[in-house]
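**Q** Input structure: my_file.cif, which contains mmCIF, C-alpha atoms.
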data_start
#
loop_
_atom_site.label_atom_id
_atom_site.label_comp_id
_atom_site.auth_asym_id
_atom_site.auth_seq_id
_atom_site.Cartn_x
_atom_site.Cartn_y
_atom_site.Cartn_z
CA MET A 222 60.88 140.64 83.49
CA SER A 223 60.05 140.18 79.82
CA LYS A 224 60.13 136.83 78.14
CA ASP A 225 62.94 137.96 75.83
CA ALA A 226 65.03 139.11 78.81
CA ALA A 227 64.51 135.82 80.58
CA VAL A 228 65.57 133.91 77.49
CA SER A 229 68.61 136.17 77.13
CA MET A 230 69.66 135.61 80.75
CA GLY A 231 69.08 131.91 80.40
CA ALA A 232 71.33 131.81 77.36
CA ALA A 233 74.06 133.52 79.36
CA LEU A 234 73.93 130.96 82.15
CA PRO A 235 76.39 128.06 81.92
CA GLN A 236 74.72 124.97 80.56
CA PRO A 237 75.26 121.61 82.26
CA LYS A 238 77.76 119.40 80.53
CA ALA A 239 76.45 116.36 78.76
CA SER A 240 77.10 113.15 80.59
CA ARG A 241 79.95 111.05 79.25
CA ARG A 242 77.85 107.98 79.70
CA LYS A 243 75.41 107.00 77.02
CA ALA A 244 72.93 104.53 78.41
CA PRO A 245 72.70 101.35 76.31
CA ARG A 246 69.29 100.86 74.74
CA THR A 247 69.60 97.31 73.41
CA PRO A 248 71.19 94.07 74.63
CA SER A 249 73.70 94.36 71.79
CA GLU A 250 74.90 97.68 73.15
CA VAL A 251 75.36 96.12 76.59
CA PHE A 252 77.33 93.26 75.07
CA LEU A 253 79.57 95.75 73.26
CA LEU A 254 80.45 97.91 76.26
CA VAL A 255 84.21 98.33 76.55
CA PRO A 256 84.58 96.42 79.86
CA ASN A 257 82.67 93.50 78.35
CA LEU A 258 84.90 93.52 75.27
CA ILE A 259 87.84 93.20 77.64
CA GLY A 260 86.00 90.30 79.27
CA TYR A 261 85.67 88.55 75.91
CA ALA A 262 89.41 89.00 75.35
CA ARG A 263 89.98 87.27 78.69
CA VAL A 264 87.94 84.31 77.48
CA VAL A 265 89.87 84.13 74.21
CA PHE A 266 93.25 84.14 75.97
CA ALA A 267 92.06 81.54 78.47
CA LEU A 268 90.87 79.26 75.67
CA ALA A 269 94.20 79.76 73.91
CA ALA A 270 96.02 78.77 77.10
CA PHE A 271 94.15 75.50 77.50
CA ALA A 272 94.23 74.74 73.77
CA THR A 273 98.02 75.11 73.65
CA PRO A 274 99.80 71.75 73.33
CA THR A 275 101.45 70.48 76.50
CA THR A 276 104.77 70.66 74.68
CA ARG A 277 104.55 74.47 74.93
CA PRO A 278 104.00 75.17 78.64
CA VAL A 279 105.57 78.64 78.50
CA GLN A 280 103.16 79.70 75.78
CA ALA A 281 100.22 78.26 77.72
CA VAL A 282 101.23 80.12 80.89
CA SER A 283 101.70 83.34 78.92
CA PHE A 284 98.17 83.17 77.53
CA TYR A 285 96.77 82.40 80.98
CA VAL A 286 98.66 85.31 82.55
CA LEU A 287 97.35 87.67 79.87
CA SER A 288 93.81 86.52 80.61
CA THR A 289 94.34 87.04 84.32
CA MET A 290 95.95 90.46 83.89
CA LEU A 291 93.02 91.72 81.84
CA ASP A 292 90.83 91.04 84.86
CA ALA A 293 92.35 94.13 86.45
CA PHE A 294 91.42 96.33 83.51
CA ASP A 295 87.76 95.57 82.92
CA GLY A 296 86.77 97.02 86.29
CA VAL A 297 88.93 100.09 85.74
CA ALA A 298 87.36 100.63 82.32
CA ALA A 299 83.87 100.23 83.78
CA ARG A 300 84.50 102.90 86.41
CA MET A 301 86.31 105.33 84.11
CA LEU A 302 83.77 105.09 81.30
CA GLY A 303 80.70 104.73 83.48
CA GLN A 304 79.93 101.40 81.81
CA SER A 305 79.28 99.11 84.75
CA SER A 306 76.67 96.48 83.99
CA ARG A 307 75.12 93.45 85.63
CA PHE A 308 76.08 91.40 82.59
CA GLY A 309 79.69 92.54 82.97
CA ALA A 310 79.73 91.56 86.64
CA ALA A 311 78.33 88.12 85.79
CA LEU A 312 80.77 87.69 82.89
CA ASP A 313 83.68 88.61 85.15
CA MET A 314 82.77 86.12 87.85
CA VAL A 315 81.93 83.29 85.46
CA THR A 316 85.22 83.80 83.60
CA ASP A 317 87.14 83.73 86.88
CA ARG A 318 85.45 80.54 87.98
CA CYS A 319 85.82 78.76 84.65
CA THR A 320 89.49 79.60 84.14
CA THR A 321 90.40 78.56 87.68
CA ALA A 322 88.36 75.36 87.31
CA CYS A 323 90.12 74.45 84.07
CA LEU A 324 93.52 75.09 85.63
CA LEU A 325 92.68 72.96 88.66
CA MET A 326 91.46 70.14 86.43
CA SER A 327 94.74 70.28 84.54
CA LEU A 328 96.69 70.14 87.80
CA GLY A 329 94.63 67.17 88.95
CA LYS A 330 95.65 65.32 85.81
CA MET A 331 99.29 66.32 86.22
CA PHE A 332 99.47 65.33 89.88
CA PRO A 333 97.15 62.30 90.28
CA SER A 334 98.08 61.79 93.92
CA TRP A 335 96.70 65.27 94.64
CA MET A 336 93.59 64.84 92.51
CA LEU A 337 91.20 64.85 95.49
CA ALA A 338 92.74 68.04 96.87
CA PHE A 339 92.32 69.85 93.56
CA GLN A 340 88.76 68.55 93.24
CA CYS A 341 87.95 69.91 96.69
CA LEU A 342 89.48 73.28 95.86
CA LEU A 343 87.51 73.45 92.63
CA SER A 344 84.25 72.52 94.35
CA LEU A 345 84.79 75.02 97.15
CA ASP A 346 85.57 77.80 94.70
CA VAL A 347 82.48 77.20 92.57
CA ALA A 348 80.12 76.52 95.47
CA SER A 349 81.15 79.52 97.57
CA HIS A 350 80.83 81.98 94.70
CA TYR A 351 77.56 80.54 93.40
CA ILE A 352 75.91 80.58 96.82
CA HIS A 353 77.29 84.07 97.43
CA MET A 354 75.94 85.32 94.10
CA TYR A 355 72.55 83.75 94.81
CA ALA A 356 72.41 85.35 98.25
CA SER A 357 73.38 88.72 96.76
CA THR A 358 70.59 88.42 94.21
CA LEU A 359 68.05 87.66 96.95
CA SER A 360 69.15 90.73 98.88
CA GLY A 361 68.78 92.94 95.81
CA SER A 362 72.47 93.73 95.39
CA GLN A 363 73.58 94.76 91.92
CA SER A 364 76.91 92.99 92.28
CA HIS A 365 78.28 90.04 94.24
CA LYS A 366 80.88 92.50 95.58
CA ASP A 367 78.21 94.56 97.36
CA LEU A 368 78.15 93.44 101.00
CA ASP A 369 76.05 94.63 103.90
CA THR A 370 77.77 95.89 107.02
CA ASN A 371 76.79 92.78 109.00
CA ARG A 372 78.93 90.45 106.93
CA ASN A 373 82.24 89.07 108.19
CA TRP A 374 84.81 91.88 108.47
CA PHE A 375 87.48 89.85 106.69
CA LEU A 376 85.22 89.11 103.74
CA ARG A 377 84.03 92.72 103.65
CA LEU A 378 87.65 93.90 103.55
CA TYR A 379 88.35 91.44 100.74
CA TYR A 380 85.61 92.87 98.54
CA THR A 381 85.99 96.55 99.44
CA SER A 382 89.79 96.83 99.33
CA ARG A 383 90.99 96.64 95.74
CA VAL A 384 94.54 96.08 96.95
CA MET A 385 93.58 93.08 99.06
CA LEU A 386 91.30 91.72 96.34
CA PHE A 387 94.13 91.91 93.82
CA CYS A 388 96.72 90.40 96.16
CA MET A 389 94.49 87.50 97.16
CA CYS A 390 93.45 86.66 93.61
CA PHE A 391 96.96 87.14 92.23
CA GLY A 392 98.59 85.02 94.93
CA ASN A 393 95.98 82.29 94.53
CA GLU A 394 96.46 82.08 90.76
CA LEU A 395 100.23 82.39 91.11
CA PHE A 396 100.41 79.29 93.29
CA PHE A 397 98.42 77.20 90.83
CA LEU A 398 100.45 78.49 87.89
CA ALA A 399 103.68 77.72 89.75
CA CYS A 400 102.43 74.16 90.26
CA PHE A 401 101.72 73.98 86.54
CA VAL A 402 105.25 75.13 85.68
CA TYR A 403 106.77 72.83 88.31
CA TYR A 404 105.29 69.84 86.50
CA TYR A 405 107.45 70.61 83.46
CA THR A 406 110.54 71.73 85.30
CA SER A 407 111.61 71.45 88.90
CA GLY A 408 112.64 75.06 88.60
CA PHE A 409 115.57 77.16 87.62
CA SER A 410 118.07 79.06 89.69
CA VAL A 411 118.26 82.78 90.25
CA PHE A 412 121.89 83.91 90.38
CA GLY A 413 122.73 80.27 90.98
CA LEU A 414 121.38 80.48 94.52
CA VAL A 415 117.63 79.97 94.59
CA ASN A 416 115.44 77.45 92.83
CA PHE A 417 112.84 79.88 91.51
CA VAL A 418 109.65 77.85 90.98
CA PRO A 419 109.58 76.15 94.42
CA LEU A 420 110.31 79.56 95.94
CA VAL A 421 107.28 81.06 94.19
CA MET A 422 105.18 78.12 95.35
CA ALA A 423 106.34 78.59 98.94
CA ILE A 424 105.63 82.34 98.92
CA SER A 425 102.22 82.09 97.26
CA PHE A 426 100.97 79.05 99.18
CA PRO A 427 99.93 81.04 102.31
CA VAL A 428 97.98 83.46 100.11
CA MET A 429 96.23 80.57 98.39
CA ALA A 430 95.40 79.05 101.78
CA ILE A 431 93.94 82.34 103.05
CA LYS A 432 91.88 82.59 99.87
CA GLN A 433 90.35 79.19 100.65
CA VAL A 434 89.52 80.38 104.18
CA LEU A 435 87.75 83.35 102.59
CA ASN A 436 85.83 80.95 100.35
CA VAL A 437 84.67 78.99 103.40
CA ILE A 438 83.63 82.20 105.19
CA GLN A 439 81.82 83.35 102.06
CA LEU A 440 80.02 80.03 101.68
CA ALA A 441 78.95 79.92 105.32
CA GLY A 442 77.82 83.55 105.44
CA ALA A 443 75.85 83.33 102.20
CA SER A 444 74.18 80.10 103.34
CA ILE A 445 73.08 81.78 106.58
CA ASN A 446 71.66 84.73 104.64
CA ILE A 447 69.68 82.43 102.36
CA ALA A 448 68.35 80.57 105.40
CA LYS A 449 67.28 83.90 106.93
CA GLN A 450 65.42 84.69 103.73
CA ASP A 451 63.67 81.31 104.00
CA ILE A 452 62.56 82.28 107.52
CA LEU A 453 61.20 85.61 106.29
CA ASP A 454 59.35 83.86 103.46
CA ALA A 455 57.82 81.38 105.89
CA GLN A 456 56.75 84.15 108.25
CA SER A 457 55.13 86.09 105.41
CA ARG A 458 53.16 83.01 104.36
CA ASP A 459 51.93 82.46 107.92
CA GLN A 460 50.59 85.99 108.24
#
What does the file become when written as structure tokens?
**A**
Amino acid sequence: MSKDAAVSMGAALPQPKASRRKAPRTPSEVFLLVPNLIGYARVVFALAAFATPTTRPVQAVSFYVLSTMLDAFDGVAARMLGQSSRFGAALDMVTDRCTTACLLMSLGKMFPSWMLAFQCLLSLDVASHYIHMYASTLSGSQSHKDLDTNRNWFLRLYYTSRVMLFCMCFGNELFFLACFVYYYTSGFSVFGLVNFVPLVMAISFPVMAIKQVLNVIQLAGASINIAKQDILDAQSRDQ
């Protein structure tokens, strides 16, 4: 076959489509990925929520809800646009932890008799996710949501099922937000029959409690994995 014929046949063959994803080449390009821009918007709305005067609780809750709702969109954008990044994963987790911590601190101030409980919840939330992230880094995982098959089945389901992940996080935040609203009003009736805010608190409380159980499981499992890594390190030094 002549060279010209080969070129002609090659031109007739369908060419592969260019990838939709353009790999970032600089840190600035990573920072400006669409999912990360959504993450920054979450931070702005969260700051607006906590900067809102206490005389405007509805406005504060609205900002907080907007920040929380955007959490569902950054992951979708990352998958659709092929723009997943380690920075985005870290930004997402840090934003989650900081917003929840700020809300729990506010609740501790609002309900002094429950201050210790809110402090424990805050500490458990931060500790379990930090230890989990550290253990994931040691294992070489690209995201704290990547779990090996030996991890607790309940925790694995939590991170692999988007429906469960959403329901757990939503129910957890809903309970704390309902407590926030309850401080300003004991609630309002629906059709004159049900006091709405306490009802929301009662429905979301079990979800919040299960989320804390997951945090304990996550903390314990990650601690064991770090200890196993310590054993491997010690064995390698002894060889």
**Q** Given the file shown, determine the residues that the PyMOL selection byres ((chain A and resi 403) around 12) selects; report them as a PyMOL selection string.
**A** chain A and resi 278-279+282+328+331-332+395-402+404-409+416-422
**Q** Pull the neighbourhood of (94.1, 73.9, 91.6) for me: all residues within 7 Å in file coordinates, counting all atoms listed in the file, as a ChimeraX atom specification.
**A** /A:324-326,328,339,342-343,397
**Q** I need the output of the PyMOL selection byres ((chain A and resi 439-448) around 8) for this file as a PyMOL selection string; which residues are they?
**A** chain A and resi 348-350+352-353+356+359+372-373+376+435-438+449-452
**Q** To one decimal place in Å, what is the distance between CA of Val347 in chain A and CA of Gly392 in chain A?
**A** 18.1 Å
**Q** Using the chain letters and numbering of this document, enumerate as a list in words the residues selected by the PyMOL selection byres ((chain A and resi 266) around 10).
**A**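 Output from the PyMOL selection byres ((chain A and resi 266) around 10), applied to this file: Tyr261, Ala262, Arg263, Val264, Val265, Ala267, Leu268, Ala269, Ala270, Phe271, Ala272, Ala281, Ser283, Phe284, Tyr285, Val286, Leu287, Ser288, Thr289 and Leu291 of chain A.
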**Q** What is the CA of Lys432 in chain A-CA of Arg307 in chain A distance in Å, reported with one decimal?
**A**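 That distance, rounded to one decimal, is 24.5 Å.
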**Q** Separation of CA of Gln304 in chain A and CA of Pro245 in chain A, in Å?
**A**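 Distance between the two atoms: 9.1 Å.
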**Q** Which residues are near Val428 in chain A? Cut-off 10 Å, only C-alpha atoms, ignore same chain within fewer than 2 positions. Put them as a PyMOL selection string.
**A** chain A and resi 388-396+423-426+430-434
**Q** Need the axis-aligned box for range 435-447 of chain A with 8 Å each side, so what are the centre and edges in Å to one decimal, as AutoDock Vina command-line options?
**A**
--center_x 78.7 --center_y 81.9 --center_z 103.5 --size_x 34.1 --size_y 21.7 --size_z 22.2
**Q** Which is closest to Ser327 in chain A among A:Gln456, A:Thr247, A:Asn257, A:Thr275, if we use all atoms listed in the file?
**A**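 Answer, going by the shortest atom-to-atom distance: A:Thr275.
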